[in-house]
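A.B. asks: File query-v6.cif follows (mmCIF, C-alpha atoms and all ligand atoms):
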data_data
loop_
_atom_site.group_PDB
_atom_site.id
_atom_site.type_symbol
_atom_site.label_atom_id
_atom_site.label_comp_id
_atom_site.auth_asym_id
_atom_site.auth_seq_id
_atom_site.Cartn_x
_atom_site.Cartn_y
_atom_site.Cartn_z
ATOM 1 C CA MET C 9 -46.300 -7.103 23.684
ATOM 2 C CA THR C 10 -48.835 -8.828 25.958
ATOM 3 C CA ASP C 11 -50.865 -6.871 28.503
ATOM 4 C CA ARG C 12 -48.746 -8.368 31.254
ATOM 5 C CA GLN C 13 -45.492 -7.319 29.511
ATOM 6 C CA LYS C 14 -46.922 -3.832 29.018
ATOM 7 C CA ALA C 15 -47.819 -3.638 32.726
ATOM 8 C CA GLU C 16 -44.320 -4.796 33.709
ATOM 9 C CA ALA C 17 -42.679 -2.247 31.387
ATOM 10 C CA MET C 18 -44.828 0.490 32.949
ATOM 11 C CA ILE C 19 -43.837 -0.590 36.469
ATOM 12 C CA ASN C 20 -40.162 -0.415 35.442
ATOM 13 C CA ILE C 21 -40.268 3.094 33.987
ATOM 14 C CA MET C 22 -42.146 4.254 37.062
ATOM 15 C CA LYS C 23 -39.914 2.502 39.594
ATOM 16 C CA PRO C 24 -37.671 4.889 41.530
ATOM 17 C CA GLU C 25 -34.141 3.671 42.189
ATOM 18 C CA PRO C 26 -31.960 4.819 45.101
ATOM 19 C CA HIS C 27 -28.955 7.038 44.282
ATOM 20 C CA ARG C 28 -26.335 8.317 46.671
ATOM 21 C CA VAL C 29 -26.147 12.008 47.560
ATOM 22 C CA LEU C 30 -22.518 13.017 46.988
ATOM 23 C CA LYS C 31 -22.574 16.665 48.001
ATOM 24 C CA ILE C 32 -24.984 19.245 49.362
ATOM 25 C CA VAL C 33 -24.430 22.968 48.764
ATOM 26 C CA ARG C 34 -26.527 25.443 50.690
ATOM 27 C CA GLN C 35 -27.554 28.220 48.287
ATOM 28 C CA THR C 36 -30.059 30.009 50.540
ATOM 29 C CA ARG C 37 -31.987 29.091 53.662
ATOM 30 C CA ALA C 38 -34.673 27.426 51.565
ATOM 31 C CA GLU C 39 -32.717 26.335 48.483
ATOM 32 C CA TYR C 40 -29.970 23.712 48.407
ATOM 33 C CA THR C 41 -28.153 22.042 45.534
ATOM 34 C CA PHE C 42 -27.869 18.265 45.811
ATOM 35 C CA ARG C 43 -25.222 16.446 43.780
ATOM 36 C CA VAL C 44 -26.401 12.858 43.257
ATOM 37 C CA GLU C 45 -24.679 9.845 41.748
ATOM 38 C CA TRP C 46 -26.078 9.249 38.266
ATOM 39 C CA PRO C 47 -24.259 7.298 35.553
ATOM 40 C CA GLY C 48 -26.592 8.064 32.615
ATOM 41 C CA VAL C 49 -27.078 10.700 29.936
ATOM 42 C CA THR C 50 -29.267 13.771 30.412
ATOM 43 C CA ARG C 51 -30.208 16.792 28.295
ATOM 44 C CA ASP C 52 -30.425 20.440 29.385
ATOM 45 C CA GLY C 53 -33.882 21.311 30.726
ATOM 46 C CA GLN C 54 -34.982 17.751 31.505
ATOM 47 C CA PHE C 55 -36.200 16.659 34.924
ATOM 48 C CA PHE C 56 -36.272 13.659 37.235
ATOM 49 C CA MET C 57 -39.003 12.490 39.565
ATOM 50 C CA LEU C 58 -37.370 12.531 43.014
ATOM 51 C CA SER C 59 -38.827 10.671 45.948
ATOM 52 C CA LEU C 60 -38.281 9.367 49.443
ATOM 53 C CA PRO C 61 -40.191 6.465 50.963
ATOM 54 C CA ARG C 62 -43.377 7.747 52.654
ATOM 55 C CA GLU C 63 -42.574 11.397 51.712
ATOM 56 C CA GLY C 64 -43.992 11.493 48.200
ATOM 57 C CA GLU C 65 -42.507 12.402 44.853
ATOM 58 C CA ALA C 66 -41.913 15.595 42.867
ATOM 59 C CA PRO C 67 -40.447 16.646 39.515
ATOM 60 C CA ILE C 68 -37.124 18.513 39.844
ATOM 61 C CA SER C 69 -35.025 19.925 36.991
ATOM 62 C CA ILE C 70 -31.426 19.049 36.358
ATOM 63 C CA SER C 71 -29.386 22.096 37.412
ATOM 64 C CA GLY C 72 -25.933 20.642 36.821
ATOM 65 C CA ARG C 73 -24.086 17.571 35.671
ATOM 66 C CA GLY C 74 -20.624 16.058 35.553
ATOM 67 C CA PRO C 75 -18.978 12.672 35.218
ATOM 68 C CA GLY C 76 -21.162 10.202 37.111
ATOM 69 C CA TYR C 77 -23.505 12.746 38.711
ATOM 70 C CA VAL C 78 -26.366 15.163 38.228
ATOM 71 C CA GLU C 79 -27.349 18.131 40.401
ATOM 72 C CA PHE C 80 -30.720 19.387 41.564
ATOM 73 C CA THR C 81 -31.352 22.804 43.064
ATOM 74 C CA ILE C 82 -34.356 22.391 45.263
ATOM 75 C CA ARG C 83 -36.577 24.875 47.054
ATOM 76 C CA LYS C 84 -38.038 23.562 50.274
ATOM 77 C CA VAL C 85 -41.797 24.046 49.904
ATOM 78 C CA GLY C 86 -43.606 20.907 51.026
ATOM 79 C CA ARG C 87 -43.495 17.303 52.068
ATOM 80 C CA LEU C 88 -41.018 15.763 49.646
ATOM 81 C CA THR C 89 -38.651 18.705 49.505
ATOM 82 C CA GLU C 90 -38.602 18.955 53.301
ATOM 83 C CA GLY C 91 -37.705 15.271 53.399
ATOM 84 C CA VAL C 92 -34.897 15.793 50.893
ATOM 85 C CA PHE C 93 -33.518 18.657 53.004
ATOM 86 C CA GLY C 94 -33.274 16.136 55.851
ATOM 87 C CA LEU C 95 -30.782 14.032 53.864
ATOM 88 C CA GLU C 96 -27.067 14.206 54.523
ATOM 89 C CA GLU C 97 -24.164 13.550 52.173
ATOM 90 C CA GLY C 98 -24.000 9.777 51.696
ATOM 91 C CA GLY C 99 -27.785 9.403 52.084
ATOM 92 C CA LEU C 100 -30.053 7.869 49.462
ATOM 93 C CA LEU C 101 -32.391 9.805 47.203
ATOM 94 C CA TYR C 102 -34.852 7.882 45.008
ATOM 95 C CA MET C 103 -35.043 8.900 41.368
ATOM 96 C CA ARG C 104 -36.710 7.983 38.115
ATOM 97 C CA GLY C 105 -36.042 9.667 34.818
ATOM 98 C CA PRO C 106 -34.703 11.665 33.106
ATOM 99 C CA TYR C 107 -37.960 12.854 31.563
ATOM 100 C CA GLY C 108 -39.135 15.519 29.193
ATOM 101 C CA SER C 109 -38.050 17.687 26.317
ATOM 102 C CA HIS C 110 -34.874 19.778 26.438
ATOM 103 C CA TRP C 111 -33.516 23.176 25.440
ATOM 104 C CA PRO C 112 -32.458 22.944 21.775
ATOM 105 C CA VAL C 113 -28.885 24.023 22.563
ATOM 106 C CA GLU C 114 -27.516 23.230 19.086
ATOM 107 C CA LYS C 115 -30.118 25.555 17.531
ATOM 108 C CA LEU C 116 -29.077 28.322 19.919
ATOM 109 C CA GLU C 117 -25.432 28.236 18.951
ATOM 110 C CA ASN C 118 -23.794 31.029 16.938
ATOM 111 C CA GLU C 119 -26.764 33.350 17.343
ATOM 112 C CA ASN C 120 -27.591 36.004 19.908
ATOM 113 C CA LEU C 121 -29.292 34.543 22.980
ATOM 114 C CA ILE C 122 -31.558 36.247 25.523
ATOM 115 C CA VAL C 123 -32.274 34.361 28.763
ATOM 116 C CA VAL C 124 -34.824 35.623 31.299
ATOM 117 C CA THR C 125 -35.405 33.700 34.542
ATOM 118 C CA SER C 126 -36.826 34.270 37.970
ATOM 119 C CA GLY C 127 -35.973 32.489 41.226
ATOM 120 C CA THR C 128 -35.341 28.761 40.834
ATOM 121 C CA GLY C 129 -36.121 29.227 37.120
ATOM 122 C CA LEU C 130 -32.369 29.759 36.728
ATOM 123 C CA ALA C 131 -31.782 26.110 37.728
ATOM 124 C CA PRO C 132 -32.986 24.404 34.515
ATOM 125 C CA VAL C 133 -31.045 26.929 32.404
ATOM 126 C CA ARG C 134 -27.735 26.684 34.263
ATOM 127 C CA THR C 135 -26.320 23.765 32.238
ATOM 128 C CA SER C 136 -26.998 25.583 28.949
ATOM 129 C CA LEU C 137 -25.374 28.780 30.232
ATOM 130 C CA MET C 138 -22.378 26.676 31.306
ATOM 131 C CA HIS C 139 -22.256 25.241 27.784
ATOM 132 C CA PHE C 140 -21.811 28.729 26.351
ATOM 133 C CA ILE C 141 -19.138 29.538 28.951
ATOM 134 C CA GLU C 142 -17.233 26.358 28.059
ATOM 135 C CA HIS C 143 -17.697 26.912 24.305
ATOM 136 C CA PRO C 144 -17.152 30.614 23.612
ATOM 137 C CA GLU C 145 -16.686 29.755 19.920
ATOM 138 C CA ALA C 146 -20.330 28.573 19.840
ATOM 139 C CA ARG C 147 -21.884 31.779 21.130
ATOM 140 C CA ARG C 148 -22.541 35.323 20.023
ATOM 141 C CA GLU C 149 -23.933 37.878 22.445
ATOM 142 C CA VAL C 150 -25.660 36.354 25.475
ATOM 143 C CA TYR C 151 -28.003 38.506 27.580
ATOM 144 C CA LEU C 152 -29.011 37.072 30.961
ATOM 145 C CA ILE C 153 -31.662 38.706 33.154
ATOM 146 C CA ALA C 154 -32.008 36.552 36.291
ATOM 147 C CA GLY C 155 -34.308 37.958 38.954
ATOM 148 C CA PHE C 156 -34.672 37.056 42.629
ATOM 149 C CA LYS C 157 -36.815 38.330 45.491
ATOM 150 C CA ASP C 158 -34.117 39.757 47.730
ATOM 151 C CA ARG C 159 -30.490 39.510 48.844
ATOM 152 C CA HIS C 160 -31.268 36.334 50.808
ATOM 153 C CA SER C 161 -32.743 34.435 47.874
ATOM 154 C CA THR C 162 -30.041 34.739 45.205
ATOM 155 C CA LEU C 163 -28.858 31.464 43.648
ATOM 156 C CA PHE C 164 -25.590 30.287 42.077
ATOM 157 C CA ASP C 165 -23.642 33.346 43.278
ATOM 158 C CA GLU C 166 -20.271 32.096 41.996
ATOM 159 C CA ASP C 167 -21.692 31.025 38.633
ATOM 160 C CA ARG C 168 -23.420 34.356 38.199
ATOM 161 C CA GLU C 169 -20.168 36.227 38.794
ATOM 162 C CA MET C 170 -18.624 34.138 36.031
ATOM 163 C CA PHE C 171 -21.635 34.745 33.753
ATOM 164 C CA SER C 172 -21.143 38.481 34.302
ATOM 165 C CA GLN C 173 -17.577 38.207 32.981
ATOM 166 C CA HIS C 174 -18.754 36.646 29.695
ATOM 167 C CA PHE C 175 -22.375 37.693 29.158
ATOM 168 C CA HIS C 176 -24.435 40.869 29.468
ATOM 169 C CA THR C 177 -26.079 40.278 32.841
ATOM 170 C CA VAL C 178 -28.656 41.961 35.058
ATOM 171 C CA TYR C 179 -29.681 40.517 38.413
ATOM 172 C CA PRO C 180 -32.768 42.381 39.644
ATOM 173 C CA LEU C 181 -34.034 41.983 43.215
ATOM 174 C CA SER C 182 -37.771 42.673 43.285
ATOM 175 C CA ARG C 183 -38.154 43.304 47.032
ATOM 176 C CA GLU C 184 -35.037 45.315 47.777
ATOM 177 C CA LYS C 185 -35.582 49.059 47.949
ATOM 178 C CA GLU C 186 -31.912 49.996 47.789
ATOM 179 C CA LYS C 187 -29.496 48.973 45.084
ATOM 180 C CA LEU C 188 -26.888 46.464 46.237
ATOM 181 C CA PRO C 189 -23.502 45.954 44.540
ATOM 182 C CA GLY C 190 -23.904 43.564 41.600
ATOM 183 C CA TYR C 191 -27.703 43.814 41.636
ATOM 184 C CA GLU C 192 -30.488 46.069 40.418
ATOM 185 C CA THR C 193 -33.775 46.768 42.165
ATOM 186 C CA GLY C 194 -37.022 45.846 40.407
ATOM 187 C CA ARG C 195 -38.580 43.061 38.421
ATOM 188 C CA VAL C 196 -37.055 41.312 35.429
ATOM 189 C CA THR C 197 -39.642 42.971 33.175
ATOM 190 C CA SER C 198 -38.168 46.412 33.974
ATOM 191 C CA PHE C 199 -34.874 45.521 32.274
ATOM 192 C CA LEU C 200 -36.052 44.021 28.971
ATOM 193 C CA LYS C 201 -36.062 47.470 27.350
ATOM 194 C CA ASP C 202 -32.301 47.804 27.866
ATOM 195 C CA ILE C 203 -31.552 45.060 25.335
ATOM 196 C CA PRO C 204 -30.874 46.681 21.941
ATOM 197 C CA ASP C 205 -33.588 46.330 19.253
ATOM 198 C CA GLU C 206 -31.195 44.695 16.774
ATOM 199 C CA VAL C 207 -30.521 41.939 19.330
ATOM 200 C CA VAL C 208 -34.214 41.510 20.225
ATOM 201 C CA SER C 209 -35.252 41.057 16.590
ATOM 202 C CA THR C 210 -32.593 38.437 15.808
ATOM 203 C CA ALA C 211 -32.073 36.538 19.073
ATOM 204 C CA ASN C 212 -33.124 33.143 20.343
ATOM 205 C CA TYR C 213 -34.806 33.156 23.740
ATOM 206 C CA ILE C 214 -35.000 30.982 26.847
ATOM 207 C CA ILE C 215 -37.647 32.148 29.303
ATOM 208 C CA THR C 216 -38.601 30.477 32.594
ATOM 209 C CA GLY C 217 -40.767 31.420 35.552
ATOM 210 C CA ALA C 218 -44.441 31.503 36.447
ATOM 211 C CA PRO C 219 -46.729 31.418 33.377
ATOM 212 C CA ALA C 220 -47.800 35.051 34.016
ATOM 213 C CA VAL C 221 -44.140 36.189 33.940
ATOM 214 C CA ILE C 222 -43.422 34.128 30.825
ATOM 215 C CA ALA C 223 -46.503 35.700 29.197
ATOM 216 C CA SER C 224 -45.517 39.295 29.953
ATOM 217 C CA VAL C 225 -41.858 38.826 29.000
ATOM 218 C CA THR C 226 -42.709 37.171 25.686
ATOM 219 C CA GLU C 227 -45.377 39.769 24.927
ATOM 220 C CA GLU C 228 -42.846 42.578 25.248
ATOM 221 C CA PHE C 229 -40.230 40.862 23.078
ATOM 222 C CA LEU C 230 -42.804 39.852 20.438
ATOM 223 C CA GLY C 231 -43.968 43.464 20.341
ATOM 224 C CA ARG C 232 -40.394 44.480 19.537
ATOM 225 C CA GLY C 233 -40.015 42.043 16.653
ATOM 226 C CA ALA C 234 -38.890 38.766 18.267
ATOM 227 C CA ALA C 235 -39.772 35.679 16.219
ATOM 228 C CA PRO C 236 -42.138 33.280 18.110
ATOM 229 C CA GLU C 237 -40.333 30.232 16.709
ATOM 230 C CA LYS C 238 -37.082 31.443 18.328
ATOM 231 C CA ILE C 239 -38.583 31.584 21.820
ATOM 232 C CA TRP C 240 -38.347 28.580 24.176
ATOM 233 C CA VAL C 241 -40.097 28.395 27.529
ATOM 234 C CA SER C 242 -40.353 25.842 30.340
ATOM 235 C CA PHE C 243 -43.565 25.206 32.290
ATOM 236 C CA GLU C 244 -43.610 23.852 35.839
ATOM 237 C CA ARG C 245 -46.847 21.905 36.385
ATOM 238 C CA ARG C 246 -47.987 19.623 39.161
ATOM 239 C CA MET C 247 -47.097 16.106 38.085
ATOM 240 C CA GLN C 248 -47.747 12.625 39.384
ATOM 241 C CA CYS C 249 -46.780 9.938 36.898
ATOM 242 C CA ALA C 250 -44.527 11.964 34.528
ATOM 243 C CA VAL C 251 -45.229 9.409 31.805
ATOM 244 C CA GLY C 252 -48.527 10.597 30.325
ATOM 245 C CA LYS C 253 -50.873 8.396 32.367
ATOM 246 C CA CYS C 254 -52.492 10.486 35.109
ATOM 247 C CA GLY C 255 -53.365 13.757 33.335
ATOM 248 C CA HIS C 256 -52.238 15.934 36.282
ATOM 249 C CA CYS C 257 -49.876 18.008 34.179
ATOM 250 C CA LYS C 258 -52.281 18.791 31.326
ATOM 251 C CA MET C 259 -52.326 22.401 30.090
ATOM 252 C CA ASN C 260 -55.013 23.065 27.510
ATOM 253 C CA GLY C 261 -54.996 19.414 26.409
ATOM 254 C CA VAL C 262 -51.180 19.096 26.261
ATOM 255 C CA TYR C 263 -49.314 16.677 28.534
ATOM 256 C CA VAL C 264 -46.474 18.829 29.911
ATOM 257 C CA CYS C 265 -44.640 15.729 31.205
ATOM 258 C CA LEU C 266 -44.503 14.167 27.748
ATOM 259 C CA GLU C 267 -44.272 17.095 25.340
ATOM 260 C CA GLY C 268 -42.597 19.509 27.767
ATOM 261 C CA PRO C 269 -41.514 20.949 30.066
ATOM 262 C CA VAL C 270 -39.604 22.834 27.334
ATOM 263 C CA PHE C 271 -41.862 24.173 24.584
ATOM 264 C CA ASN C 272 -41.350 26.331 21.575
ATOM 265 C CA PHE C 273 -43.497 29.441 21.914
ATOM 266 C CA THR C 274 -45.459 28.613 18.741
ATOM 267 C CA GLN C 275 -46.980 25.768 20.797
ATOM 268 C CA ALA C 276 -46.730 27.353 24.267
ATOM 269 C CA ARG C 277 -48.783 30.414 23.260
ATOM 270 C CA GLU C 278 -51.860 28.147 22.933
ATOM 271 C CA MET C 279 -51.316 26.587 26.356
ATOM 272 C CA PHE C 280 -51.617 29.452 28.859
ATOM 273 C CA ASP C 281 -54.546 28.822 31.259
HETATM 274 C C1 LIG R 301 -40.737 20.044 35.211
HETATM 275 C C2 LIG R 301 -40.620 20.606 36.602
HETATM 276 C C3 LIG R 301 -39.380 20.969 37.102
HETATM 277 C C4 LIG R 301 -39.244 21.465 38.391
HETATM 278 N N1 LIG R 301 -38.007 21.808 38.823
HETATM 279 C C5 LIG R 301 -37.851 22.246 40.077
HETATM 280 C C6 LIG R 301 -36.554 22.584 40.557
HETATM 281 O O1 LIG R 301 -35.557 22.474 39.831
HETATM 282 N N2 LIG R 301 -36.433 22.997 41.835
HETATM 283 C C7 LIG R 301 -37.530 23.127 42.663
HETATM 284 O O2 LIG R 301 -37.347 23.517 43.829
HETATM 285 N N3 LIG R 301 -38.769 22.851 42.228
HETATM 286 C C8 LIG R 301 -38.970 22.409 40.962
HETATM 287 N N4 LIG R 301 -40.216 22.087 40.525
HETATM 288 C C9 LIG R 301 -41.366 22.302 41.428
HETATM 289 C C10 LIG R 301 -41.534 21.132 42.403
HETATM 290 O O3 LIG R 301 -41.825 19.959 41.701
HETATM 291 C C11 LIG R 301 -42.710 21.466 43.358
HETATM 292 O O4 LIG R 301 -42.346 22.539 44.197
HETATM 293 C C12 LIG R 301 -43.186 20.284 44.187
HETATM 294 O O5 LIG R 301 -44.540 20.483 44.486
HETATM 295 C C13 LIG R 301 -42.430 20.063 45.486
HETATM 296 O O6 LIG R 301 -42.975 18.931 46.146
HETATM 297 P P1 LIG R 301 -43.235 18.895 47.726
HETATM 298 O O7 LIG R 301 -43.838 17.550 48.023
HETATM 299 O O8 LIG R 301 -42.033 19.280 48.475
HETATM 300 O O9 LIG R 301 -44.276 20.031 47.960
HETATM 301 P P2 LIG R 301 -45.862 19.920 47.897
HETATM 302 O O10 LIG R 301 -46.370 19.133 49.075
HETATM 303 O O11 LIG R 301 -46.263 19.504 46.543
HETATM 304 O O12 LIG R 301 -46.246 21.427 48.167
HETATM 305 C C14 LIG R 301 -45.748 22.496 47.336
HETATM 306 C C15 LIG R 301 -46.592 23.723 47.502
HETATM 307 O O13 LIG R 301 -47.831 23.522 46.838
HETATM 308 C C16 LIG R 301 -48.896 23.605 47.753
HETATM 309 N N5 LIG R 301 -49.830 22.525 47.363
HETATM 310 C C17 LIG R 301 -49.763 21.232 47.736
HETATM 311 N N6 LIG R 301 -50.737 20.526 47.127
HETATM 312 C C18 LIG R 301 -51.417 21.406 46.334
HETATM 313 C C19 LIG R 301 -52.500 21.287 45.420
HETATM 314 N N7 LIG R 301 -53.134 20.148 45.212
HETATM 315 N N8 LIG R 301 -52.898 22.407 44.744
HETATM 316 C C20 LIG R 301 -52.291 23.577 44.934
HETATM 317 N N9 LIG R 301 -51.236 23.743 45.794
HETATM 318 C C21 LIG R 301 -50.833 22.691 46.477
HETATM 319 C C22 LIG R 301 -48.273 23.410 49.121
HETATM 320 O O14 LIG R 301 -49.026 24.054 50.140
HETATM 321 C C23 LIG R 301 -46.917 24.054 48.938
HETATM 322 O O15 LIG R 301 -46.981 25.443 49.061
HETATM 323 C C24 LIG R 301 -40.400 21.615 39.220
HETATM 324 C C25 LIG R 301 -41.658 21.249 38.731
HETATM 325 C C26 LIG R 301 -41.765 20.761 37.434
HETATM 326 C C27 LIG R 301 -43.102 20.373 36.898
HETATM 327 S S1 LIG R 302 -47.825 13.872 35.104
HETATM 328 FE FE1 LIG R 302 -49.189 12.240 34.719
HETATM 329 S S2 LIG R 302 -49.837 12.674 32.686
HETATM 330 FE FE2 LIG R 302 -48.271 14.119 33.025
#
Output the structure of this file as structure tokens.

C.D. replies:
Amino acid sequence: MTDRQKAEAMINIMKPEPHRVLKIVRQTRAEYTFRVEWPGVTRDGQFFMLSLPREGEAPISISGRGPGYVEFTIRKVGRLTEGVFGLEEGGLLYMRGPYGSHWPVEKLENENLIVVTSGTGLAPVRTSLMHFIEHPEARREVYLIAGFKDRHSTLFDEDREMFSQHFHTVYPLSREKEKLPGYETGRVTSFLKDIPDEVVSTANYIITGAPAVIASVTEEFLGRGAAPEKIWVSFERRMQCAVGKCGHCKMNGVYVCLEGPVFNFTQAREMFD
């Protein structure tokens, strides 16, 4: 390939294309799910770079998929996400991707599974949880601890009710003082001890959230006999190019956009800042 061909190939993989917003579901005041036309194949845990002209670009995980579409559950925090919240159904969202590694769903089948998430960390796990709802024959015991700040920040309420019918679930609210129906009060870390030892020592794990939360959750499970090679985590880093060129996403020498965002803990344990 000539230098010019290489440059053209790079422009193509970095070129956002417009896709139509099919549906917008308000989850909370600051978090909406956008269903967007997308004809291609994606894997659980991957992300797209979403953009709007003059508003910037940001990596956002796939939170759902169906025939001809993908979904993104987005928290409004800054320039791009505010712009996306200004879109209406029928509007155009620019996308490039999908990028990144994925949850190894096949490896998680027919074994116990423990999933711990906080806030929007439930979004990149939702498609895998749906997989185990749709394929009960492929699962054993599934434990889901999904934490949120308060009653106003809970996500995927209908899905979580369904998860509670099939999985062992706890939904802790860290800033609520009183217990609300269907929820517990406290942080996700307060409920890890309730999972039986025989499950902890044999299970696979999916853990998302801020690196400090991932670190404390994994530390507790490792201390109780969890195998590091059965733990999978996802890191959210600031990204610009998403194709290994700019170095923005580097964690301890590792390009999160290329090798992640999903990592096995045997690698992730070396990456904490
Ligand atoms: C792989 C991956 C998947 C993700 N998936 C999701 C998802 O599913 N849903 C979701 O809502 N988010 C997700 N994110 C996070 C999302 O990409 C960020 O929130 C992104 O910054 C939003 O862009 P923005 O332009 O709206 O906000 P920004 O303008 O980037 O601002 C975001 C926040 O960061 C602060 N900030 C801005 N610049 C800097 C800086 N240089 N240093 C420190 N702080 C700064 C701002 O003040 C603000 O509080 C994901 C990130 C990654 C890496
Ligand atoms: S985001 Fe540019 S190298 Fe990863």

A.B. asks: For ligand LIG 301 (chain R), list the contacting residues at 8 Å or closer, counting only C-alpha atoms and all ligand atoms, as a VMD selection string.

C.D. replies: chain C and resid 39 54 to 56 63 to 71 80 to 91 108 128 to 129 131 to 132 242 to 247 257 264 to 265 268 to 269

A.B. asks: Please write out the residues within 7 Å of ligand LIG 302 (chain R) as a ChimeraX atom specification, counting only C-alpha atoms and all ligand atoms.

C.D. replies: /C:247-258,263-266

A.B. asks: Excluding Phe273 in chain C and its own-chain neighbours fewer than 3 positions away, which residues fall within 7 Å of it when counting all atoms listed in the file? Please give them as a PyMOL selection string.

C.D. replies: chain C and resi 236-237+239-241+276-277

A.B. asks: Measure the distance from CA of Pro47 in chain C to CA of Leu101 in chain C in Å and round it to one decimal.

C.D. replies: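 It comes out at 14.4 Å.
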
A.B. asks: Name the residues in contact with Arg104 in chain C at a cut-off of 7 Å, using all atoms listed in the file, excluding same-chain residues fewer than 6 positions from it; report them as a list in words.

C.D. replies: Met22, Lys23, Pro24, Glu25, Phe56, Met57 and Leu58 of chain C

A.B. asks: Rank nothing, just name the residue among C:Arg195, C:Lys187, C:Arg134, C:Arg37 nearest to Arg168 in chain C, using all atoms listed in the file.

C.D. replies: C:Arg134

A.B. asks: From the list C:Leu116, C:Ala234, C:Met279, C:Val123, which residue is nearest Thr216 in chain C when using only C-alpha atoms?

C.D. replies: C:Val123

A.B. asks: Build an axis-aligned box that encloses every atom of range 103-109 of chain C listed in the file, pad it by 8 Å on each side, and report its centre and edge lengths in Å to one decimal, as AutoDock Vina command-line options.

C.D. replies:
--center_x -36.9 --center_y 12.8 --center_z 33.8 --size_x 20.4 --size_y 25.7 --size_z 31.1

A.B. asks: Go through the shown structure with the PyMOL selection byres (((chain C and resi 78) around 9) and not hetatm) and write out the matching residues as a PyMOL selection string.

C.D. replies: chain C and resi 42-47+50+70-77+79-80

A.B. asks: Skip His176 in chain C itself and residues of its chain fewer than 5 positions away, then list as a ChimeraX atom specification all residues within 12 Å of it, counting all atoms listed in the file.

C.D. replies: /C:120-124,148-154,168-171,199,202-204,207

A.B. asks: Here's the selection I'm unsure about, the PyMOL selection byres (((chain C and resi 177-181) around 7) and not hetatm); applied to the file above, which residues does it give, as a compact mmCIF listing (two decimals) with C-alpha atoms, keeping the file's coordinate frame?

C.D. replies:
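As a result, expr_33.txt now contains:
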# COMPACT_ATOMS: atom_id res chain seq x y z
CA TYR C 151 -28.00 38.51 27.58
CA LEU C 152 -29.01 37.07 30.96
CA ILE C 153 -31.66 38.71 33.15
CA ALA C 154 -32.01 36.55 36.29
CA GLY C 155 -34.31 37.96 38.95
CA PHE C 156 -34.67 37.06 42.63
CA LYS C 157 -36.82 38.33 45.49
CA ASP C 158 -34.12 39.76 47.73
CA SER C 172 -21.14 38.48 34.30
CA PHE C 175 -22.38 37.69 29.16
CA HIS C 176 -24.44 40.87 29.47
CA SER C 182 -37.77 42.67 43.28
CA ARG C 183 -38.15 43.30 47.03
CA GLU C 184 -35.04 45.32 47.78
CA TYR C 191 -27.70 43.81 41.64
CA GLU C 192 -30.49 46.07 40.42
CA THR C 193 -33.78 46.77 42.16
CA GLY C 194 -37.02 45.85 40.41
CA ARG C 195 -38.58 43.06 38.42
CA VAL C 196 -37.06 41.31 35.43

A.B. asks: From the list C:Pro26, C:Pro112, C:Gly233, C:Gly48, which residue is nearest Leu100 in chain C when using all atoms listed in the file?

C.D. replies: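 That would be C:Pro26, the residue with the smallest distance to Leu100 in chain C.
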
A.B. asks: Any idea what the distance is between CA of Asn272 in chain C and CA of Val225 in chain C?

C.D. replies: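 Between these atoms lies a distance of 14.5 Å.
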
A.B. asks: Between CA of Phe229 in chain C and CA of Val208 in chain C, measure the distance and give it in Å to one decimal.

C.D. replies: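 CA of Val208 in chain C lies 6.7 Å from CA of Phe229 in chain C.
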
A.B. asks: Rank nothing, just name the residue among C:Glu228, C:Glu267, C:Glu96, C:Glu186 nearest to Asp205 in chain C, using only C-alpha atoms.

C.D. replies: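 Among C:Glu228, C:Glu267, C:Glu96, C:Glu186, it is C:Glu228 that comes nearest to Asp205 in chain C.
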
A.B. asks: Using only C-alpha atoms for the distances, tell me which of C:Gln173, C:Arg34, C:Tyr107, C:Glu114 is nearest to Ile141 in chain C.

C.D. replies: C:Gln173

A.B. asks: Please provide the set of residues having any atom within 6 Å of Glu97 in chain C, restricted to only C-alpha atoms, with same-chain residues fewer than 5 positions apart removed, written as a PyMOL selection string.

C.D. replies: chain C and resi 29-31

A.B. asks: Generate N, CA and C atoms for range 52-58 of chain C and emit them as a JSON list (two decimals), in the coordinates of the input.

C.D. replies:
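So selection.json came out as:
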[["chain", "number", "residue", "atom", "x", "y", "z"],
["C", 52, "ASP", "N", -30.13, 19.19, 28.67],
["C", 52, "ASP", "CA", -30.42, 20.44, 29.38],
["C", 52, "ASP", "C", -31.94, 20.69, 29.41],
["C", 53, "GLY", "N", -32.46, 20.97, 30.60],
["C", 53, "GLY", "CA", -33.88, 21.31, 30.73],
["C", 53, "GLY", "C", -34.75, 20.12, 31.10],
["C", 54, "GLN", "N", -34.19, 18.92, 31.10],
["C", 54, "GLN", "CA", -34.98, 17.75, 31.50],
["C", 54, "GLN", "C", -35.14, 17.70, 33.03],
["C", 55, "PHE", "N", -35.99, 16.79, 33.48],
["C", 55, "PHE", "CA", -36.20, 16.66, 34.92],
["C", 55, "PHE", "C", -36.24, 15.19, 35.33],
["C", 56, "PHE", "N", -36.09, 14.99, 36.63],
["C", 56, "PHE", "CA", -36.27, 13.66, 37.24],
["C", 56, "PHE", "C", -37.45, 13.74, 38.19],
["C", 57, "MET", "N", -38.06, 12.60, 38.45],
["C", 57, "MET", "CA", -39.00, 12.49, 39.56],
["C", 57, "MET", "C", -38.18, 12.03, 40.77],
["C", 58, "LEU", "N", -38.11, 12.87, 41.80],
["C", 58, "LEU", "CA", -37.37, 12.53, 43.01],
["C", 58, "LEU", "C", -38.35, 12.09, 44.10]]
